[in-house]
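Data from input-v6.pdb: PDB, C-alpha atoms
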MODEL        1
ATOM      1  CA  MET A  16       6.066   1.361 -14.402  1.00  0.00           C
ATOM      2  CA  THR A  17       3.973   2.820 -17.197  1.00  0.00           C
ATOM      3  CA  SER A  18       4.140   6.432 -18.280  1.00  0.00           C
ATOM      4  CA  CYS A  19       0.809   7.312 -16.646  1.00  0.00           C
ATOM      5  CA  GLU A  20       1.412   6.155 -13.081  1.00  0.00           C
ATOM      6  CA  VAL A  21       1.783   8.517 -10.136  1.00  0.00           C
ATOM      7  CA  VAL A  22       5.518   9.123  -9.705  1.00  0.00           C
ATOM      8  CA  LEU A  23       5.454  11.840  -7.044  1.00  0.00           C
ATOM      9  CA  VAL A  24       3.103  12.704  -4.179  1.00  0.00           C
ATOM     10  CA  ASN A  25       3.329  15.832  -2.040  1.00  0.00           C
ATOM     11  CA  ARG A  26       1.262  15.262   1.113  1.00  0.00           C
ATOM     12  CA  ASN A  27      -0.003  18.419   2.725  1.00  0.00           C
ATOM     13  CA  VAL A  28      -3.310  19.757   4.016  1.00  0.00           C
ATOM     14  CA  ILE A  29      -4.231  19.518   0.342  1.00  0.00           C
ATOM     15  CA  ASP A  30      -2.276  16.894  -1.616  1.00  0.00           C
ATOM     16  CA  SER A  31      -0.626  17.397  -4.989  1.00  0.00           C
ATOM     17  CA  PHE A  32       0.937  14.815  -7.294  1.00  0.00           C
ATOM     18  CA  ARG A  33       2.678  14.232 -10.603  1.00  0.00           C
ATOM     19  CA  VAL A  34       1.595  11.616 -13.123  1.00  0.00           C
ATOM     20  CA  GLY A  35       4.087  10.101 -15.553  1.00  0.00           C
ATOM     21  CA  LYS A  36       7.584  11.027 -16.612  1.00  0.00           C
ATOM     22  CA  ASP A  37       6.758  12.034 -20.185  1.00  0.00           C
ATOM     23  CA  GLY A  38       3.547  12.767 -22.089  1.00  0.00           C
ATOM     24  CA  CYS A  39       1.180  12.274 -19.178  1.00  0.00           C
ATOM     25  CA  THR A  40       2.925  14.889 -17.052  1.00  0.00           C
ATOM     26  CA  TYR A  41       1.400  17.799 -18.959  1.00  0.00           C
ATOM     27  CA  ASP A  42      -1.820  16.101 -20.062  1.00  0.00           C
ATOM     28  CA  THR A  43      -4.456  18.231 -18.333  1.00  0.00           C
ATOM     29  CA  SER A  44      -7.097  15.493 -18.692  1.00  0.00           C
ATOM     30  CA  VAL A  45      -5.129  13.353 -16.214  1.00  0.00           C
ATOM     31  CA  CYS A  46      -5.765  15.902 -13.461  1.00  0.00           C
ATOM     32  CA  VAL A  47      -9.433  16.323 -14.418  1.00  0.00           C
ATOM     33  CA  ASN A  48      -9.985  12.564 -14.401  1.00  0.00           C
ATOM     34  CA  SER A  49      -8.449  12.496 -10.930  1.00  0.00           C
ATOM     35  CA  GLN A  50     -10.786  15.281  -9.762  1.00  0.00           C
ATOM     36  CA  ALA A  51      -7.793  17.565  -9.383  1.00  0.00           C
ATOM     37  CA  LYS A  52      -6.706  20.921 -10.801  1.00  0.00           C
ATOM     38  CA  TRP A  53      -3.822  21.160 -13.241  1.00  0.00           C
ATOM     39  CA  ILE A  54      -1.064  23.589 -12.187  1.00  0.00           C
ATOM     40  CA  LYS A  55       0.382  24.882 -15.447  1.00  0.00           C
ATOM     41  CA  SER A  56       3.619  26.212 -13.942  1.00  0.00           C
ATOM     42  CA  ASN A  57       4.894  22.826 -12.801  1.00  0.00           C
ATOM     43  CA  GLY A  58       2.604  20.204 -14.334  1.00  0.00           C
ATOM     44  CA  LEU A  59       1.319  19.003 -10.961  1.00  0.00           C
ATOM     45  CA  CYS A  60      -2.229  17.949 -10.157  1.00  0.00           C
ATOM     46  CA  LEU A  61      -3.635  19.670  -7.056  1.00  0.00           C
ATOM     47  CA  CYS A  62      -6.515  18.142  -5.093  1.00  0.00           C
ATOM     48  CA  SER A  63      -9.364  20.338  -3.853  1.00  0.00           C
ATOM     49  CA  VAL A  64     -10.525  21.557  -0.442  1.00  0.00           C
ATOM     50  CA  SER A  65     -13.502  19.179  -0.518  1.00  0.00           C
ATOM     51  CA  LYS A  66     -11.427  16.203  -1.747  1.00  0.00           C
ATOM     52  CA  PRO A  67      -7.949  16.939  -0.389  1.00  0.00           C
ATOM     53  CA  ASN A  68      -6.392  13.453  -0.315  1.00  0.00           C
ATOM     54  CA  LEU A  69      -4.789  11.417  -3.074  1.00  0.00           C
ATOM     55  CA  ARG A  70      -5.693   7.731  -2.892  1.00  0.00           C
ATOM     56  CA  ASN A  71      -3.627   5.770  -5.384  1.00  0.00           C
ATOM     57  CA  PRO A  72      -4.656   3.368  -6.736  1.00  0.00           C
ATOM     58  CA  THR A  73      -8.384   3.889  -6.190  1.00  0.00           C
ATOM     59  CA  THR A  74     -11.194   1.382  -6.606  1.00  0.00           C
ATOM     60  CA  ARG A  75     -13.338   3.668  -8.753  1.00  0.00           C
ATOM     61  CA  PRO A  76     -14.212   2.370 -12.213  1.00  0.00           C
ATOM     62  CA  GLY A  77     -13.432   4.330 -15.344  1.00  0.00           C
ATOM     63  CA  ASN A  78     -10.435   5.694 -17.153  1.00  0.00           C
ATOM     64  CA  ASP A  79      -8.769   7.538 -14.288  1.00  0.00           C
ATOM     65  CA  LYS A  80      -5.597   5.412 -14.504  1.00  0.00           C
ATOM     66  CA  GLY A  81      -6.019   4.263 -10.900  1.00  0.00           C
ATOM     67  CA  HIS A  82      -5.560   7.517  -9.012  1.00  0.00           C
ATOM     68  CA  GLY A  83      -7.689  10.333  -7.729  1.00  0.00           C
ATOM     69  CA  CYS A  84      -8.609  12.766  -4.962  1.00  0.00           C
ATOM     70  CA  ILE A  85     -11.158  11.674  -2.339  1.00  0.00           C
ATOM     71  CA  TYR A  86     -12.832  12.830   0.878  1.00  0.00           C
ATOM     72  CA  SER A  87     -11.065  12.513   4.223  1.00  0.00           C
ATOM     73  CA  GLY A  88     -14.063  10.659   5.619  1.00  0.00           C
ATOM     74  CA  SER A  89     -13.774   8.054   2.869  1.00  0.00           C
ATOM     75  CA  ILE A  90     -10.193   7.211   3.814  1.00  0.00           C
ATOM     76  CA  ARG A  91     -11.085   6.892   7.504  1.00  0.00           C
ATOM     77  CA  ALA A  92     -13.982   4.632   6.535  1.00  0.00           C
ATOM     78  CA  GLY A  93     -11.678   2.343   4.602  1.00  0.00           C
ATOM     79  CA  VAL A  94     -11.689   2.903   0.865  1.00  0.00           C
ATOM     80  CA  GLY A  95     -10.223   0.094  -1.216  1.00  0.00           C
ATOM     81  CA  GLY A  96      -7.525  -2.525  -0.718  1.00  0.00           C
ATOM     82  CA  SER A  97      -7.087  -3.901   2.796  1.00  0.00           C
ATOM     83  CA  PHE A  98      -8.267  -0.694   4.478  1.00  0.00           C
ATOM     84  CA  ASN A  99     -10.395  -1.233   7.581  1.00  0.00           C
ATOM     85  CA  TYR A 100     -12.806   1.257   9.114  1.00  0.00           C
ATOM     86  CA  CYS A 101     -11.075   3.353  11.787  1.00  0.00           C
ATOM     87  CA  ALA A 102     -13.241   4.511  14.685  1.00  0.00           C
ATOM     88  CA  LEU A 103     -10.707   7.094  15.831  1.00  0.00           C
ATOM     89  CA  GLY A 104     -10.768  10.264  13.821  1.00  0.00           C
ATOM     90  CA  PRO A 105     -10.796  12.584  12.095  1.00  0.00           C
ATOM     91  CA  PHE A 106      -8.438  11.636   9.285  1.00  0.00           C
ATOM     92  CA  LYS A 107      -5.805  14.364   9.260  1.00  0.00           C
ATOM     93  CA  LEU A 108      -2.245  15.357   8.452  1.00  0.00           C
ATOM     94  CA  ILE A 109       0.582  14.421  10.838  1.00  0.00           C
ATOM     95  CA  SER A 110       4.273  15.262  10.783  1.00  0.00           C
ATOM     96  CA  TYR A 111       7.058  12.691  10.377  1.00  0.00           C
ATOM     97  CA  LYS A 112       9.300  14.493  12.907  1.00  0.00           C
ATOM     98  CA  ARG A 113       9.704  13.965  16.623  1.00  0.00           C
ATOM     99  CA  GLY A 114       9.193  16.981  18.842  1.00  0.00           C
ATOM    100  CA  GLU A 115       6.062  18.193  17.043  1.00  0.00           C
ATOM    101  CA  SER A 116       2.844  18.958  18.938  1.00  0.00           C
ATOM    102  CA  ALA A 117       0.600  15.969  19.678  1.00  0.00           C
ATOM    103  CA  ARG A 118      -2.358  15.382  17.343  1.00  0.00           C
ATOM    104  CA  LYS A 119      -5.768  14.661  18.855  1.00  0.00           C
ATOM    105  CA  PHE A 120      -8.054  11.780  17.810  1.00  0.00           C
ATOM    106  CA  SER A 121     -11.299  10.567  19.364  1.00  0.00           C
ATOM    107  CA  ASP A 122     -14.008   7.948  18.854  1.00  0.00           C
ATOM    108  CA  ILE A 123     -16.340  10.144  16.833  1.00  0.00           C
ATOM    109  CA  ASP A 124     -19.119   7.566  16.495  1.00  0.00           C
ATOM    110  CA  ASN A 125     -19.147   6.343  20.127  1.00  0.00           C
ATOM    111  CA  PRO A 126     -18.656   9.342  22.440  1.00  0.00           C
ATOM    112  CA  LYS A 127     -20.103   7.450  25.441  1.00  0.00           C
ATOM    113  CA  VAL A 128     -17.354   4.831  25.294  1.00  0.00           C
ATOM    114  CA  VAL A 129     -14.659   6.133  27.637  1.00  0.00           C
ATOM    115  CA  MET A 130     -11.063   5.251  26.770  1.00  0.00           C
ATOM    116  CA  ASN A 131      -8.773   4.708  29.761  1.00  0.00           C
ATOM    117  CA  SER A 132      -5.614   3.700  27.913  1.00  0.00           C
ATOM    118  CA  CYS A 133      -4.422   2.437  24.513  1.00  0.00           C
ATOM    119  CA  SER A 134      -1.420   0.411  23.395  1.00  0.00           C
ATOM    120  CA  LEU A 135      -0.050  -0.198  19.910  1.00  0.00           C
ATOM    121  CA  ARG A 136      -0.732  -3.596  18.305  1.00  0.00           C
ATOM    122  CA  HIS A 137       0.834  -3.075  14.903  1.00  0.00           C
ATOM    123  CA  THR A 138       1.181  -0.452  12.195  1.00  0.00           C
ATOM    124  CA  GLN A 139       0.352  -0.542   8.491  1.00  0.00           C
ATOM    125  CA  VAL A 140       1.512   1.874   5.834  1.00  0.00           C
ATOM    126  CA  LYS A 141       0.186   2.520   2.344  1.00  0.00           C
ATOM    127  CA  PHE A 142       2.859   3.756  -0.046  1.00  0.00           C
ATOM    128  CA  PRO A 143       1.674   5.535  -3.206  1.00  0.00           C
ATOM    129  CA  ASP A 144       3.079   2.795  -5.448  1.00  0.00           C
ATOM    130  CA  ASN A 145       1.172   0.009  -3.704  1.00  0.00           C
ATOM    131  CA  ALA A 146      -2.577  -0.621  -3.724  1.00  0.00           C
ATOM    132  CA  THR A 147      -2.699  -2.132  -0.220  1.00  0.00           C
ATOM    133  CA  GLU A 148      -1.447  -1.390   3.258  1.00  0.00           C
ATOM    134  CA  MET A 149       1.779  -3.099   4.298  1.00  0.00           C
ATOM    135  CA  GLU A 150       2.597  -4.009   7.896  1.00  0.00           C
ATOM    136  CA  GLN A 151       5.755  -2.373   9.246  1.00  0.00           C
ATOM    137  CA  GLN A 152       7.097  -4.666  11.950  1.00  0.00           C
ATOM    138  CA  TRP A 153       9.911  -2.287  12.863  1.00  0.00           C
ATOM    139  CA  LEU A 154       7.432   0.496  13.680  1.00  0.00           C
ATOM    140  CA  ASP A 155       6.698  -0.312  17.324  1.00  0.00           C
ATOM    141  CA  GLU A 156       6.071   1.617  20.551  1.00  0.00           C
ATOM    142  CA  SER A 157       9.678   2.841  20.596  1.00  0.00           C
ATOM    143  CA  TYR A 158       8.579   5.191  17.769  1.00  0.00           C
ATOM    144  CA  VAL A 159       5.048   6.057  18.881  1.00  0.00           C
ATOM    145  CA  ASP A 160       3.849   8.117  21.853  1.00  0.00           C
ATOM    146  CA  LEU A 161       0.166   7.504  22.666  1.00  0.00           C
ATOM    147  CA  ASN A 162      -1.429   9.389  25.544  1.00  0.00           C
ATOM    148  CA  VAL A 163      -5.115   9.073  26.494  1.00  0.00           C
ATOM    149  CA  SER A 164      -6.717  12.048  28.237  1.00  0.00           C
ATOM    150  CA  ASN A 165     -10.327  13.275  28.526  1.00  0.00           C
ATOM    151  CA  ASN A 166     -11.549  10.439  26.321  1.00  0.00           C
ATOM    152  CA  ALA A 167      -9.244  11.384  23.462  1.00  0.00           C
ATOM    153  CA  ILE A 168      -5.966   9.934  22.267  1.00  0.00           C
ATOM    154  CA  TYR A 169      -3.006  12.208  21.611  1.00  0.00           C
ATOM    155  CA  PHE A 170      -0.397  11.005  19.143  1.00  0.00           C
ATOM    156  CA  LYS A 171       3.166  12.144  18.467  1.00  0.00           C
ATOM    157  CA  TRP A 172       6.443  10.559  17.388  1.00  0.00           C
ATOM    158  CA  LYS A 173       9.153   9.535  19.821  1.00  0.00           C
ATOM    159  CA  ARG A 174      11.540   9.179  16.879  1.00  0.00           C
ATOM    160  CA  SER A 175      11.453  10.789  13.437  1.00  0.00           C
ATOM    161  CA  VAL A 176      10.377   8.620  10.493  1.00  0.00           C
ATOM    162  CA  PRO A 177      11.509  10.469   7.338  1.00  0.00           C
ATOM    163  CA  ASN A 178      11.130   7.320   5.195  1.00  0.00           C
ATOM    164  CA  LEU A 179       7.339   7.487   5.752  1.00  0.00           C
ATOM    165  CA  GLN A 180       6.890  10.915   4.142  1.00  0.00           C
ATOM    166  CA  GLY A 181       3.987  11.036   1.706  1.00  0.00           C
ATOM    167  CA  THR A 182       2.352   7.841   2.959  1.00  0.00           C
ATOM    168  CA  ILE A 183      -0.975   6.971   4.594  1.00  0.00           C
ATOM    169  CA  ILE A 184      -0.466   5.275   7.954  1.00  0.00           C
ATOM    170  CA  THR A 185      -2.813   3.172  10.119  1.00  0.00           C
ATOM    171  CA  PHE A 186      -2.155   2.562  13.821  1.00  0.00           C
ATOM    172  CA  ASN A 187      -3.971  -0.509  15.149  1.00  0.00           C
ATOM    173  CA  LEU A 188      -4.534  -0.313  18.894  1.00  0.00           C
ATOM    174  CA  TYR A 189      -5.814  -2.183  21.934  1.00  0.00           C
ATOM    175  CA  CYS A 190      -7.799   0.243  24.086  1.00  0.00           C
ATOM    176  CA  GLU A 191      -9.114  -0.308  27.604  1.00  0.00           C
ATOM    177  CA  VAL A 192     -12.585   1.221  27.613  1.00  0.00           C
ATOM    178  CA  LYS A 193     -15.469   1.737  30.008  1.00  0.00           C
ATOM    179  CA  ILE A 194     -19.049   2.071  28.811  1.00  0.00           C
ATOM    180  CA  SER A 195     -20.934   4.942  30.417  1.00  0.00           C
ATOM    181  CA  GLY A 196     -23.645   3.764  32.825  1.00  0.00           C
ATOM    182  CA  ILE A 197     -22.118   0.327  33.432  1.00  0.00           C
ATOM    183  CA  LYS A 198     -20.112   0.267  36.649  1.00  0.00           C
ATOM    184  CA  HIS A 199     -17.107  -1.891  37.480  1.00  0.00           C
ATOM    185  CA  VAL A 200     -16.889  -3.374  33.995  1.00  0.00           C
ATOM    186  CA  GLN A 201     -14.019  -2.672  31.647  1.00  0.00           C
ATOM    187  CA  TYR A 202     -13.417  -4.000  28.180  1.00  0.00           C
ATOM    188  CA  TYR A 203     -10.577  -4.129  25.693  1.00  0.00           C
ATOM    189  CA  HIS A 204     -11.531  -2.984  22.228  1.00  0.00           C
ATOM    190  CA  ARG A 205      -9.552  -3.026  19.015  1.00  0.00           C
ATOM    191  CA  LYS A 206      -9.445   0.447  17.521  1.00  0.00           C
ATOM    192  CA  CYS A 207      -7.446   2.166  14.831  1.00  0.00           C
ATOM    193  CA  LEU A 208      -6.603   5.651  13.677  1.00  0.00           C
ATOM    194  CA  ARG A 209      -5.502   6.632  10.189  1.00  0.00           C
ATOM    195  CA  ALA A 210      -3.569   9.701   9.049  1.00  0.00           C
ATOM    196  CA  LYS A 211      -1.442  10.950   6.168  1.00  0.00           C
ATOM    197  CA  VAL A 212       2.192  11.851   6.695  1.00  0.00           C
ATOM    198  CA  LEU A 213       3.438  15.276   5.636  1.00  0.00           C
ATOM    199  CA  GLY A 214       6.152  15.335   2.989  1.00  0.00           C
ATOM    200  CA  ILE A 215       7.139  14.171  -0.474  1.00  0.00           C
ATOM    201  CA  TRP A 216       7.181  10.590  -1.737  1.00  0.00           C
ATOM    202  CA  SER A 217       8.972  10.098  -5.041  1.00  0.00           C
ATOM    203  CA  ALA A 218       9.190   6.968  -7.180  1.00  0.00           C
ATOM    204  CA  ASP A 219      12.771   8.024  -7.987  1.00  0.00           C
ATOM    205  CA  ALA A 220      13.704   7.696  -4.315  1.00  0.00           C
ATOM    206  CA  VAL A 221      12.549   4.079  -4.425  1.00  0.00           C
ATOM    207  CA  SER A 222      13.955   2.965  -7.763  1.00  0.00           C
ATOM    208  CA  VAL A 223      16.789   5.277  -8.850  1.00  0.00           C
ATOM    209  CA  GLN A 224      20.250   4.121  -7.769  1.00  0.00           C
ATOM    210  CA  THR A 225      23.734   5.428  -8.465  1.00  0.00           C
ATOM    211  CA  GLU A 226      27.159   3.809  -8.199  1.00  0.00           C
ATOM    212  CA  ARG A 227      27.397   5.098  -4.646  1.00  0.00           C
ATOM    213  CA  THR A 228      24.051   3.613  -3.672  1.00  0.00           C
ATOM    214  CA  LYS A 229      23.437   0.123  -2.436  1.00  0.00           C
ATOM    215  CA  VAL A 230      19.822  -0.714  -1.609  1.00  0.00           C
ATOM    216  CA  SER A 231      19.294  -4.096  -0.016  1.00  0.00           C
ATOM    217  CA  GLU A 232      15.624  -3.645   0.849  1.00  0.00           C
ATOM    218  CA  PRO A 233      12.747  -1.705  -0.747  1.00  0.00           C
ATOM    219  CA  THR A 234      11.607   1.373   1.130  1.00  0.00           C
ATOM    220  CA  THR A 235       8.089  -0.015   1.354  1.00  0.00           C
ATOM    221  CA  SER A 236       8.912  -2.716   3.910  1.00  0.00           C
ATOM    222  CA  GLY A 237      11.359  -3.597   6.646  1.00  0.00           C
ATOM    223  CA  GLN A 238      13.257  -1.401   9.061  1.00  0.00           C
ATOM    224  CA  PRO A 239      14.495   1.866   7.561  1.00  0.00           C
ATOM    225  CA  LYS A 240      18.144   1.923   6.552  1.00  0.00           C
ATOM    226  CA  SER A 241      20.537   4.837   6.264  1.00  0.00           C
ATOM    227  CA  LEU A 242      20.719   5.033   2.461  1.00  0.00           C
ATOM    228  CA  GLN A 243      22.544   7.375   0.139  1.00  0.00           C
ATOM    229  CA  ILE A 244      20.157   7.917  -2.733  1.00  0.00           C
ATOM    230  CA  THR A 245      20.402  10.372  -5.575  1.00  0.00           C
ATOM    231  CA  THR A 246      17.054  11.588  -6.847  1.00  0.00           C
ATOM    232  CA  LYS A 247      15.865  14.064  -9.385  1.00  0.00           C
ATOM    233  CA  THR A 248      15.155  17.613  -8.314  1.00  0.00           C
ATOM    234  CA  ILE A 249      11.671  17.787  -6.882  1.00  0.00           C
ATOM    235  CA  SER A 250      11.569  21.315  -5.551  1.00  0.00           C
ATOM    236  CA  SER A 251       8.927  22.142  -8.155  1.00  0.00           C
ATOM    237  CA  ALA A 252       6.608  19.755  -6.354  1.00  0.00           C
ATOM    238  CA  ILE A 253       6.074  22.196  -3.519  1.00  0.00           C
ATOM    239  CA  VAL A 254       2.725  23.796  -4.216  1.00  0.00           C
ATOM    240  CA  THR A 255       2.532  27.243  -2.656  1.00  0.00           C
ATOM    241  CA  THR A 256      -1.085  28.098  -3.290  1.00  0.00           C
ATOM    242  CA  THR A 257      -3.158  29.878  -0.685  1.00  0.00           C
ATOM    243  CA  GLU A 258      -5.085  26.652  -0.208  1.00  0.00           C
ATOM    244  CA  SER A 259      -2.191  24.424   0.785  1.00  0.00           C
ATOM    245  CA  LYS A 260       0.645  26.447   2.251  1.00  0.00           C
ATOM    246  CA  ASN A 261      -0.639  26.445   5.843  1.00  0.00           C
ATOM    247  CA  ASP A 262       0.425  23.165   7.416  1.00  0.00           C
ATOM    248  CA  GLY A 263      -1.399  24.023  10.608  1.00  0.00           C
ATOM    249  CA  VAL A 264      -4.889  23.783   9.098  1.00  0.00           C
ATOM    250  CA  GLU A 265      -6.705  20.562   9.866  1.00  0.00           C
ATOM    251  CA  ILE A 266      -8.626  18.848   7.099  1.00  0.00           C
ATOM    252  CA  ASP A 267     -11.518  17.951   9.389  1.00  0.00           C
ATOM    253  CA  SER A 268     -12.429  21.626   9.643  1.00  0.00           C
ATOM    254  CA  VAL A 269     -13.463  21.706   5.969  1.00  0.00           C
ATOM    255  CA  ARG A 270     -17.202  21.518   5.324  1.00  0.00           C
ATOM    256  CA  GLY A 271     -18.328  18.366   3.576  1.00  0.00           C
ATOM    257  CA  ASP A 272     -15.377  16.367   4.952  1.00  0.00           C
ATOM    258  CA  ASN A 273     -17.360  14.233   7.401  1.00  0.00           C
TER     259      ASN A 273
ENDMDL
END
What would the structure in this file look like if it were written as structure tokens?
Amino acid sequence: MTSCEVVLVNRNVIDSFRVGKDGCTYDTSVCVNSQAKWIKSNGLCLCSVSKPNLRNPTTRPGNDKGHGCIYSGSIRAGVGGSFNYCALGPFKLISYKRGESARKFSDIDNPKVVMNSCSLRHTQVKFPDNATEMEQQWLDESYVDLNVSNNAIYFKWKRSVPNLQGTIITFNLYCEVKISGIKHVQYYHRKCLRAKVLGIWSADAVSVQTERTKVSEPTTSGQPKSLQITTKTISSAIVTTTESKNDGVEIDSVRGDN
């Protein structure tokens, strides 16, 4: 890891992140190059209302060190790496905890295609330290609750997934659909929805080990283990600006986000 890589991501309605463990941390040009605002009090970069999501690494050319803030619509459309276009939207923030209210997604581009039911095919996750999505074979329907109603899909967790905090997640689905105006014919379409998971991802949580810690698998693949990991204090990563403190605000309500 070089000194200018993203080492901490705080996913919220508006994302914030830290770059580097030394000189880059308080280099204000890093935030500007990422189209973010530098927060002097804690050295974090804060994305904007119009570009609220950190995509790291990005595919943009230039000297931005492979990170930056982008539109929600761009992530749903499939920016960079192995990302595929997701018909179900909008791209929004979801919790990692079970028991939270269901989040609504719909086929924005094809409102006349009626969904009757959807089932999970497989799930991919993009961790901030990896340029591509990685399939998570352990993340099956025992974790995911999908309910189709009034031509929209409602998502919530059956089980909490704290190890996915701060990631971007893609659910690939098989959906039984009916096309309006065509009777007695049903089809199965592949669809996907993409969201970002509330919480903090830290490079220290992946790489820092103590004598009490034994990590047999990286946190970016495989079934989550119950690990005892000592990390650095990251309380300063919580950005409490008026723009980002309300977790209940949905990104898709921001103008220019489509």
Just want the 8 Å neighbourhood of range 189-194 of chain A, counted on only C-alpha atoms, with same-chain residues fewer than 5 positions away dropped. Output as a short mmCIF file (atom, residue, chain, number, x, y, z; two decimals) with C-alpha atoms, in the coordinates of the input.
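Everything below was put into result_26.cif:
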data_model
loop_
_atom_site.label_atom_id
_atom_site.label_comp_id
_atom_site.auth_asym_id
_atom_site.auth_seq_id
_atom_site.Cartn_x
_atom_site.Cartn_y
_atom_site.Cartn_z
CA LYS A 127 -20.10 7.45 25.44
CA VAL A 128 -17.35 4.83 25.29
CA VAL A 129 -14.66 6.13 27.64
CA MET A 130 -11.06 5.25 26.77
CA ASN A 131 -8.77 4.71 29.76
CA SER A 132 -5.61 3.70 27.91
CA CYS A 133 -4.42 2.44 24.51
CA SER A 134 -1.42 0.41 23.40
CA LEU A 135 -0.05 -0.20 19.91
CA ARG A 136 -0.73 -3.60 18.30
CA VAL A 200 -16.89 -3.37 33.99
CA GLN A 201 -14.02 -2.67 31.65
CA TYR A 202 -13.42 -4.00 28.18
CA TYR A 203 -10.58 -4.13 25.69
CA HIS A 204 -11.53 -2.98 22.23
CA ARG A 205 -9.55 -3.03 19.02
CA LYS A 206 -9.44 0.45 17.52
#
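Using all atoms listed in the file, every residue with an atom at most 8 Å from the point (2.7, 10.2, 16.3) is listed here: Ile109, Ser110, Tyr111, Arg113, Ala117, Arg118, Tyr158, Val159, Asp160, Leu161, Phe170, Lys171, Trp172 and Lys173 of chain A.
Of the residues listed (A:Val176, A:Ile54, A:Leu69, A:Ile29), A:Leu69 shows the shortest atom-to-atom separation from Asp144 in chain A; distances use all atoms listed in the file.
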Please report the interatomic distance between CA of Asn27 in chain A and CA of Cys207 in chain A in Å with one decimal.
21.6 Å
Once the PyMOL selection byres ((chain A and resi 59) around 7) has been applied to the shown file, what residues remain in the selection, as a list of chain:residue names?
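Answer for the PyMOL selection byres ((chain A and resi 59) around 7): A:Ser31, A:Phe32, A:Arg33, A:Trp53, A:Ile54, A:Asn57, A:Gly58, A:Cys60, A:Leu61.
Closest approach to Gly104 in chain A among A:Lys141, A:Arg26, A:Arg174, A:Arg209: A:Arg209, based on all atoms listed in the file.
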Your completed range 166-177 of chain A with N, CA, C and O atoms, as a PDB file, keeping the file's coordinate frame:
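The file below, out_10.pdb, is the result:
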ATOM      1  N   ASN A 166     -10.901  11.278  27.327  1.00  0.00           N
ATOM      2  CA  ASN A 166     -11.549  10.439  26.321  1.00  0.00           C
ATOM      3  C   ASN A 166     -11.079  10.740  24.900  1.00  0.00           C
ATOM      4  O   ASN A 166     -11.824  10.572  23.926  1.00  0.00           O
ATOM      5  N   ALA A 167      -9.863  11.176  24.776  1.00  0.00           N
ATOM      6  CA  ALA A 167      -9.244  11.384  23.462  1.00  0.00           C
ATOM      7  C   ALA A 167      -7.832  10.828  23.512  1.00  0.00           C
ATOM      8  O   ALA A 167      -7.222  10.717  24.575  1.00  0.00           O
ATOM      9  N   ILE A 168      -7.319  10.456  22.348  1.00  0.00           N
ATOM     10  CA  ILE A 168      -5.966   9.934  22.267  1.00  0.00           C
ATOM     11  C   ILE A 168      -5.097  10.968  21.561  1.00  0.00           C
ATOM     12  O   ILE A 168      -5.489  11.535  20.541  1.00  0.00           O
ATOM     13  N   TYR A 169      -3.937  11.228  22.149  1.00  0.00           N
ATOM     14  CA  TYR A 169      -3.006  12.208  21.611  1.00  0.00           C
ATOM     15  C   TYR A 169      -1.772  11.477  21.087  1.00  0.00           C
ATOM     16  O   TYR A 169      -1.125  10.743  21.823  1.00  0.00           O
ATOM     17  N   PHE A 170      -1.491  11.713  19.809  1.00  0.00           N
ATOM     18  CA  PHE A 170      -0.397  11.005  19.143  1.00  0.00           C
ATOM     19  C   PHE A 170       0.749  11.953  18.800  1.00  0.00           C
ATOM     20  O   PHE A 170       0.531  13.073  18.344  1.00  0.00           O
ATOM     21  N   LYS A 171       1.983  11.476  18.994  1.00  0.00           N
ATOM     22  CA  LYS A 171       3.166  12.144  18.467  1.00  0.00           C
ATOM     23  C   LYS A 171       4.285  11.110  18.345  1.00  0.00           C
ATOM     24  O   LYS A 171       4.189   9.999  18.885  1.00  0.00           O
ATOM     25  N   TRP A 172       5.323  11.472  17.617  1.00  0.00           N
ATOM     26  CA  TRP A 172       6.443  10.559  17.388  1.00  0.00           C
ATOM     27  C   TRP A 172       7.489  10.679  18.491  1.00  0.00           C
ATOM     28  O   TRP A 172       7.840  11.790  18.892  1.00  0.00           O
ATOM     29  N   LYS A 173       7.984   9.543  18.942  1.00  0.00           N
ATOM     30  CA  LYS A 173       9.153   9.535  19.821  1.00  0.00           C
ATOM     31  C   LYS A 173      10.441   9.657  19.012  1.00  0.00           C
ATOM     32  O   LYS A 173      11.452  10.163  19.492  1.00  0.00           O
ATOM     33  N   ARG A 174      10.391   9.145  17.782  1.00  0.00           N
ATOM     34  CA  ARG A 174      11.540   9.179  16.879  1.00  0.00           C
ATOM     35  C   ARG A 174      11.047   9.584  15.492  1.00  0.00           C
ATOM     36  O   ARG A 174       9.944   9.217  15.091  1.00  0.00           O
ATOM     37  N   SER A 175      11.844  10.349  14.783  1.00  0.00           N
ATOM     38  CA  SER A 175      11.453  10.789  13.437  1.00  0.00           C
ATOM     39  C   SER A 175      11.421   9.611  12.472  1.00  0.00           C
ATOM     40  O   SER A 175      12.193   8.653  12.601  1.00  0.00           O
ATOM     41  N   VAL A 176      10.526   9.693  11.490  1.00  0.00           N
ATOM     42  CA  VAL A 176      10.377   8.620  10.493  1.00  0.00           C
ATOM     43  C   VAL A 176      10.370   9.237   9.087  1.00  0.00           C
ATOM     44  O   VAL A 176       9.361   9.201   8.387  1.00  0.00           O
ATOM     45  N   PRO A 177      11.484   9.789   8.632  1.00  0.00           N
ATOM     46  CA  PRO A 177      11.509  10.469   7.338  1.00  0.00           C
ATOM     47  C   PRO A 177      11.196   9.557   6.166  1.00  0.00           C
ATOM     48  O   PRO A 177      10.729  10.027   5.118  1.00  0.00           O
TER      49      PRO A 177
END
